[in-house]
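What follows is the content of work.cif, which has mmCIF, C-alpha atoms:
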```cif
data_upload
loop_
_atom_site.label_atom_id
_atom_site.label_comp_id
_atom_site.auth_asym_id
_atom_site.auth_seq_id
_atom_site.Cartn_x
_atom_site.Cartn_y
_atom_site.Cartn_z
CA MET A 1 0.00 0.00 0.00
CA THR A 2 1.19 3.49 -0.76
CA ALA A 3 1.06 6.31 1.78
CA THR A 4 -2.06 7.70 0.12
CA GLN A 5 -3.91 4.39 0.40
CA GLU A 6 -3.50 3.67 4.13
CA PRO A 7 -6.81 2.61 5.67
CA LEU A 8 -8.62 4.97 8.03
CA THR A 9 -8.79 2.13 10.51
CA GLN A 10 -5.05 2.27 11.19
CA PRO A 11 -5.02 3.20 14.90
CA SER A 12 -3.32 6.37 16.00
CA LYS A 13 -1.63 6.70 19.39
CA ALA A 14 -4.88 8.13 20.76
CA ALA A 15 -6.94 5.24 19.43
CA GLN A 16 -4.65 2.68 21.10
CA SER A 17 -5.05 4.22 24.56
CA THR A 18 -7.68 3.30 27.12
CA ASN A 19 -7.94 6.96 28.26
CA VAL A 20 -9.80 8.16 25.16
CA THR A 21 -12.63 10.70 25.07
CA LYS A 22 -15.22 11.57 22.40
CA LEU A 23 -16.31 15.23 22.14
CA THR A 24 -19.44 16.81 20.72
CA ASN A 25 -19.42 20.21 19.02
CA ASP A 26 -20.72 21.80 22.22
CA GLN A 27 -17.84 20.27 24.20
CA ILE A 28 -15.32 21.47 21.58
CA ARG A 29 -16.66 25.02 22.02
CA GLU A 30 -15.98 24.73 25.76
CA ILE A 31 -12.30 23.98 24.98
CA LEU A 32 -11.53 26.18 21.96
CA PRO A 33 -12.19 29.94 21.75
CA HIS A 34 -13.14 29.69 18.04
CA ARG A 35 -16.70 30.43 16.92
CA TRP A 36 -18.57 30.40 13.63
CA PRO A 37 -17.42 30.75 10.93
CA PHE A 38 -13.98 29.72 12.15
CA LEU A 39 -14.74 26.76 14.40
CA LEU A 40 -13.90 24.04 11.91
CA LEU A 41 -14.30 20.83 13.94
CA ASP A 42 -17.74 19.24 13.83
CA ARG A 43 -16.89 16.53 16.35
CA VAL A 44 -13.90 14.78 17.91
CA GLU A 45 -14.16 11.03 17.50
CA ARG A 46 -11.40 10.28 19.99
CA VAL A 47 -8.81 12.26 21.88
CA GLU A 48 -6.27 11.53 24.57
CA ALA A 49 -4.92 14.55 26.40
CA GLY A 50 -1.38 15.32 25.32
CA VAL A 51 -1.17 12.31 22.99
CA GLY A 52 -3.38 12.69 19.94
CA GLY A 53 -6.83 12.67 18.45
CA VAL A 54 -9.12 12.14 15.48
CA ALA A 55 -11.84 14.59 14.42
CA VAL A 56 -14.36 15.16 11.64
CA LYS A 57 -15.04 18.22 9.51
CA ASN A 58 -17.96 18.11 7.09
CA VAL A 59 -17.40 20.40 4.11
CA ALA A 60 -20.50 22.33 3.04
CA ALA A 61 -20.96 24.28 -0.20
CA THR A 62 -22.34 27.18 1.86
CA GLU A 63 -19.01 27.84 3.63
CA MET A 64 -17.93 31.41 2.92
CA TRP A 65 -14.52 30.59 1.41
CA PHE A 66 -16.16 28.88 -1.56
CA GLN A 67 -17.62 32.19 -2.78
CA GLY A 68 -14.22 33.19 -4.11
CA HIS A 69 -12.12 29.99 -4.03
CA PHE A 70 -13.04 29.27 -6.81
CA PRO A 71 -16.51 30.34 -7.99
CA THR A 72 -16.64 27.88 -10.89
CA ALA A 73 -14.73 24.98 -9.26
CA SER A 74 -14.93 25.11 -5.45
CA VAL A 75 -11.82 23.94 -3.56
CA LEU A 76 -11.32 24.26 0.19
CA PRO A 77 -8.29 26.54 0.71
CA GLY A 78 -5.22 24.76 2.07
CA VAL A 79 -4.90 27.26 4.91
CA ILE A 80 -8.38 26.24 6.13
CA VAL A 81 -7.31 22.58 6.11
CA ILE A 82 -4.21 23.51 8.14
CA GLU A 83 -6.35 25.49 10.58
CA ALA A 84 -8.71 22.51 11.06
CA MET A 85 -5.74 20.25 11.84
CA ALA A 86 -4.36 22.93 14.19
CA GLN A 87 -7.70 23.15 16.01
CA LEU A 88 -7.60 19.40 16.66
CA ALA A 89 -4.01 19.70 17.91
CA GLY A 90 -5.19 22.60 20.08
CA VAL A 91 -7.83 20.37 21.68
CA VAL A 92 -5.20 17.70 22.43
CA PHE A 93 -2.85 20.38 23.84
CA ALA A 94 -5.55 22.13 25.92
CA LEU A 95 -6.74 18.87 27.47
CA ALA A 96 -3.14 18.24 28.57
CA GLY A 97 -3.17 21.43 30.64
CA ALA A 98 -2.20 24.16 28.17
CA GLY A 99 -3.92 27.53 28.44
CA PRO A 100 -7.26 28.34 26.84
CA ILE A 101 -5.69 29.72 23.66
CA GLY A 102 -3.06 27.91 21.64
CA TYR A 103 -1.34 29.64 18.74
CA LEU A 104 -0.27 28.00 15.52
CA ALA A 105 3.46 28.62 15.80
CA GLY A 106 4.81 26.62 12.89
CA VAL A 107 4.00 24.57 9.81
CA ARG A 108 6.60 22.23 8.33
CA SER A 109 6.64 19.80 5.43
CA MET A 110 2.95 20.34 4.64
CA ARG A 111 1.88 18.54 1.49
CA PHE A 112 -1.48 18.67 -0.25
CA ARG A 113 -2.26 15.46 -2.13
CA ARG A 114 -5.81 16.00 -3.41
CA PRO A 115 -8.38 18.81 -3.49
CA ILE A 116 -11.11 18.95 -0.87
CA VAL A 117 -14.48 20.01 -2.26
CA PRO A 118 -18.01 20.64 -0.96
CA GLY A 119 -19.66 17.42 0.15
CA ASP A 120 -16.40 15.85 1.38
CA GLN A 121 -16.00 14.64 4.94
CA ILE A 122 -12.50 15.24 6.27
CA ILE A 123 -11.07 12.86 8.85
CA LEU A 124 -8.42 14.83 10.73
CA ALA A 125 -5.66 13.26 12.84
CA ALA A 126 -3.09 14.85 15.14
CA ASP A 127 -0.46 12.91 17.08
CA ARG A 128 1.95 14.70 19.41
CA THR A 129 5.56 13.93 18.50
CA ALA A 130 7.47 16.37 20.75
CA GLY A 131 6.96 19.18 23.19
CA GLY A 132 8.03 21.14 26.20
CA ARG A 133 8.18 24.68 27.61
CA GLY A 134 4.74 25.60 26.28
CA PHE A 135 5.17 24.15 22.79
CA SER A 136 3.94 20.91 21.25
CA GLU A 137 4.71 19.48 17.83
CA PHE A 138 2.13 17.32 16.05
CA LYS A 139 2.17 15.07 13.01
CA VAL A 140 -1.13 15.90 11.32
CA SER A 141 -3.15 14.59 8.43
CA ALA A 142 -6.45 15.16 6.65
CA ARG A 143 -8.08 12.27 4.80
CA VAL A 144 -11.02 12.15 2.42
CA ASP A 145 -12.43 8.88 1.08
CA ASN A 146 -9.52 6.92 2.58
CA GLN A 147 -6.98 9.10 0.72
CA ILE A 148 -4.55 11.53 2.27
CA ALA A 149 -5.59 15.04 1.25
CA ALA A 150 -2.97 16.86 3.36
CA GLU A 151 -0.22 15.92 5.80
CA GLY A 152 2.64 17.57 7.61
CA THR A 153 3.90 18.79 10.97
CA ILE A 154 2.61 21.72 12.98
CA THR A 155 3.68 23.38 16.21
CA ILE A 156 1.20 24.77 18.72
CA ALA A 157 2.27 27.30 21.38
CA ASP A 158 0.71 28.07 24.74
CA PRO A 159 1.39 31.82 25.08
CA GLY A 160 0.68 31.77 28.81
CA ALA A 161 3.04 28.91 29.63
CA THR A 162 5.70 29.72 32.18
CA THR A 163 6.60 26.13 33.03
CA GLY A 164 7.63 23.19 30.90
CA LYS A 165 4.79 20.96 32.16
CA VAL A 166 2.96 20.56 28.82
#
```
File written out as structure tokens:
Amino acid sequence: MTATQEPLTQPSKAAQSTNVTKLTNDQIREILPHRWPFLLLDRVERVEAGVGGVAVKNVAATEMWFQGHFPTASVLPGVIVIEAMAQLAGVVFALAGAGPIGYLAGVRSMRFRRPIVPGDQIILAADRTAGGRGFSEFKVSARVDNQIAAEGTITIADPGATTGKV
């Protein structure tokens, strides 16, 4: 199997743990400061604080970015996909004890493998690979129809961190 054909059922670190939580949209809003139209996670299927998680974003044709990107052939902008992955990483980070706001501090090796269009359901994954002193690095991916649509590494910062506990 190639990297773009890995099954969705391949367990992440979060899925292998017994300390896994499922979050509704209402619960996500209690954790993240984002609100419509920029709260991009519809639900979190599983999350383990400080380890990783899997979430869902349903892509609707009525989302505002499709008005201009592109009017005759709608494609979800890559920066929105990155933000959705960062929001999932932010949930993982916040549940581990980070402050209420996490900033996207870095994006590395991000690759976009296929367009995401209205009607798609994105399965987002974020697994923590490193961290300390208020920063956490995550390997992230976005899949549609069992294919990798985007993948890379992001860094989330806790601006209020004064200790290296997270």
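For the atom pair formed by CA of Glu48 (chain A) and CA of Arg29 (chain A), the distance is 17.2 Å, given to one decimal.
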Give me, as a tab-separated table, the closest atom pair and its distance (Å, one decimal) for every residue of region 72-130 of chain A within a cut-off of 7 Å of region 143-159 of chain A, counting only C-alpha atoms, rows sorted by chain and rising number.
```
residue	atom	partner	partner_atom	distance
A:Gly90	CA	A:Ile156	CA	6.9
A:Ala98	CA	A:Asp158	CA	6.0
A:Gly99	CA	A:Asp158	CA	6.0
A:Ile101	CA	A:Asp158	CA	6.7
A:Gly102	CA	A:Asp158	CA	4.9
A:Tyr103	CA	A:Ala157	CA	5.0
A:Leu104	CA	A:Ile156	CA	4.8
A:Ala105	CA	A:Thr155	CA	5.3
A:Gly106	CA	A:Thr155	CA	4.8
A:Val107	CA	A:Ile154	CA	4.5
A:Arg108	CA	A:Thr153	CA	5.1
A:Ser109	CA	A:Gly152	CA	5.1
A:Met110	CA	A:Gly152	CA	4.1
A:Arg111	CA	A:Ala150	CA	5.5
A:Phe112	CA	A:Ala150	CA	4.3
A:Arg113	CA	A:Ala149	CA	4.8
A:Arg114	CA	A:Ala149	CA	4.8
A:Pro115	CA	A:Ala149	CA	6.7
A:Asp120	CA	A:Val144	CA	6.6
A:Gln121	CA	A:Val144	CA	6.1
A:Ile122	CA	A:Val144	CA	5.2
A:Ile123	CA	A:Arg143	CA	5.1
A:Leu124	CA	A:Arg143	CA	6.5
```
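For the file shown, the residue list from the PyMOL selection byres ((chain A and resi 22) around 12) reads Ala14, Ala15, Asn19, Val20, Thr21, Leu23, Thr24, Asn25, Asp26, Gln27, Ile28, Asp42, Arg43, Val44, Glu45, Arg46, Val47, Glu48, Ala49, Gly53, Val54, Ala55, Val56, Val91 and Val92 of chain A.
With only C-alpha atoms as the basis for measurement, A:Val51 is the residue among A:Leu39, A:Met85, A:Val51, A:Ala61 that approaches Ser136 (chain A) most closely.
The two atoms in question, CA of Ala60 (chain A) and CA of Gly119 (chain A), are spaced 5.8 Å apart.
Proximity to Gly50 (chain A) was assessed for A:Ala89, A:Ala161, A:Val140, A:Ala125 counting only C-alpha atoms; the smallest distance is recorded for A:Ala89.
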List the neighbours of Gln87 (chain A) out to 8 Å using all atoms listed in the file; skip same-chain residues closer than 6 positions along the sequence, and give me the result as number ranges by chain.
-> A: 32, 40-41
When the PyMOL selection byres ((chain A and resi 64) around 12) is applied to the file above, which residues end up in the set, as a PyMOL selection string?
-> chain A and resi 36-38+59-63+65-71+74-77+80+118
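Coordinates place CA of Thr129 (chain A) at a distance of 29.5 Å from CA of Val117 (chain A).
When only C-alpha atoms are used to compute distances to Pro33 (chain A), the closest of the residues A:Val81, A:Ala94, A:Ala73, A:Ala130 turns out to be A:Ala94.
Closest approach to Val79 (chain A) among A:Ile116, A:Glu30, A:Ala96, A:Asn58 is made by A:Ile116 (distances from only C-alpha atoms).
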Mind completing region 100-127 of chain A with N, CA and C atoms? Output as an mmCIF file, in the coordinates of the input, please?
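out21.cif, freshly written:
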```cif
data_model
loop_
_atom_site.group_PDB
_atom_site.id
_atom_site.type_symbol
_atom_site.label_atom_id
_atom_site.label_comp_id
_atom_site.auth_asym_id
_atom_site.auth_seq_id
_atom_site.Cartn_x
_atom_site.Cartn_y
_atom_site.Cartn_z
ATOM 1 N N PRO A 100 -6.050 28.375 27.642
ATOM 2 C CA PRO A 100 -7.260 28.340 26.840
ATOM 3 C C PRO A 100 -7.053 28.706 25.363
ATOM 4 N N ILE A 101 -5.966 29.368 25.049
ATOM 5 C CA ILE A 101 -5.690 29.720 23.660
ATOM 6 C C ILE A 101 -4.330 29.163 23.275
ATOM 7 N N GLY A 102 -4.305 28.403 22.198
ATOM 8 C CA GLY A 102 -3.060 27.910 21.640
ATOM 9 C C GLY A 102 -2.850 28.570 20.285
ATOM 10 N N TYR A 103 -1.651 29.005 20.026
ATOM 11 C CA TYR A 103 -1.340 29.640 18.740
ATOM 12 C C TYR A 103 -0.642 28.676 17.812
ATOM 13 N N LEU A 104 -1.001 28.743 16.542
ATOM 14 C CA LEU A 104 -0.270 28.000 15.520
ATOM 15 C C LEU A 104 1.065 28.690 15.360
ATOM 16 N N ALA A 105 2.130 28.009 15.779
ATOM 17 C CA ALA A 105 3.460 28.620 15.800
ATOM 18 C C ALA A 105 4.349 28.167 14.650
ATOM 19 N N GLY A 106 3.975 27.085 13.984
ATOM 20 C CA GLY A 106 4.810 26.620 12.890
ATOM 21 C C GLY A 106 4.120 25.580 12.039
ATOM 22 N N VAL A 107 4.492 25.560 10.759
ATOM 23 C CA VAL A 107 4.000 24.570 9.810
ATOM 24 C C VAL A 107 5.223 24.093 9.026
ATOM 25 N N ARG A 108 5.451 22.779 9.054
ATOM 26 C CA ARG A 108 6.600 22.230 8.330
ATOM 27 C C ARG A 108 6.160 21.058 7.449
ATOM 28 N N SER A 109 6.818 20.944 6.326
ATOM 29 C CA SER A 109 6.640 19.800 5.430
ATOM 30 C C SER A 109 5.184 19.501 5.106
ATOM 31 N N MET A 110 4.372 20.535 4.957
ATOM 32 C CA MET A 110 2.950 20.340 4.640
ATOM 33 C C MET A 110 2.823 20.020 3.156
ATOM 34 N N ARG A 111 2.104 18.952 2.867
ATOM 35 C CA ARG A 111 1.880 18.540 1.490
ATOM 36 C C ARG A 111 0.382 18.366 1.274
ATOM 37 N N PHE A 112 -0.076 18.814 0.118
ATOM 38 C CA PHE A 112 -1.480 18.670 -0.250
ATOM 39 C C PHE A 112 -1.543 17.676 -1.395
ATOM 40 N N ARG A 113 -2.264 16.592 -1.194
ATOM 41 C CA ARG A 113 -2.260 15.460 -2.130
ATOM 42 C C ARG A 113 -3.479 15.408 -3.036
ATOM 43 N N ARG A 114 -4.589 15.997 -2.593
ATOM 44 C CA ARG A 114 -5.810 16.000 -3.410
ATOM 45 C C ARG A 114 -6.676 17.169 -2.968
ATOM 46 N N PRO A 115 -7.491 17.713 -3.882
ATOM 47 C CA PRO A 115 -8.380 18.810 -3.490
ATOM 48 C C PRO A 115 -9.500 18.308 -2.580
ATOM 49 N N ILE A 116 -9.959 19.208 -1.727
ATOM 50 C CA ILE A 116 -11.110 18.950 -0.870
ATOM 51 C C ILE A 116 -12.221 19.866 -1.372
ATOM 52 N N VAL A 117 -13.384 19.283 -1.623
ATOM 53 C CA VAL A 117 -14.480 20.010 -2.260
ATOM 54 C C VAL A 117 -15.752 19.898 -1.412
ATOM 55 N N PRO A 118 -16.746 20.747 -1.690
ATOM 56 C CA PRO A 118 -18.010 20.640 -0.960
ATOM 57 C C PRO A 118 -18.583 19.229 -1.052
ATOM 58 N N GLY A 119 -19.111 18.768 0.071
ATOM 59 C CA GLY A 119 -19.660 17.420 0.150
ATOM 60 C C GLY A 119 -18.688 16.408 0.745
ATOM 61 N N ASP A 120 -17.395 16.752 0.796
ATOM 62 C CA ASP A 120 -16.400 15.850 1.380
ATOM 63 C C ASP A 120 -16.518 15.840 2.898
ATOM 64 N N GLN A 121 -16.150 14.732 3.488
ATOM 65 C CA GLN A 121 -16.000 14.640 4.940
ATOM 66 C C GLN A 121 -14.514 14.414 5.198
ATOM 67 N N ILE A 122 -13.923 15.329 5.967
ATOM 68 C CA ILE A 122 -12.500 15.240 6.270
ATOM 69 C C ILE A 122 -12.319 14.539 7.607
ATOM 70 N N ILE A 123 -11.475 13.522 7.611
ATOM 71 C CA ILE A 123 -11.070 12.860 8.850
ATOM 72 C C ILE A 123 -9.690 13.422 9.195
ATOM 73 N N LEU A 124 -9.644 14.159 10.293
ATOM 74 C CA LEU A 124 -8.420 14.830 10.730
ATOM 75 C C LEU A 124 -7.745 13.993 11.812
ATOM 76 N N ALA A 125 -6.415 13.957 11.796
ATOM 77 C CA ALA A 125 -5.660 13.260 12.840
ATOM 78 C C ALA A 125 -4.512 14.142 13.279
ATOM 79 N N ALA A 126 -4.221 14.113 14.570
ATOM 80 C CA ALA A 126 -3.090 14.850 15.140
ATOM 81 C C ALA A 126 -2.466 13.990 16.223
ATOM 82 N N ASP A 127 -1.190 13.674 16.077
ATOM 83 C CA ASP A 127 -0.460 12.910 17.080
ATOM 84 C C ASP A 127 0.742 13.716 17.535
#
```
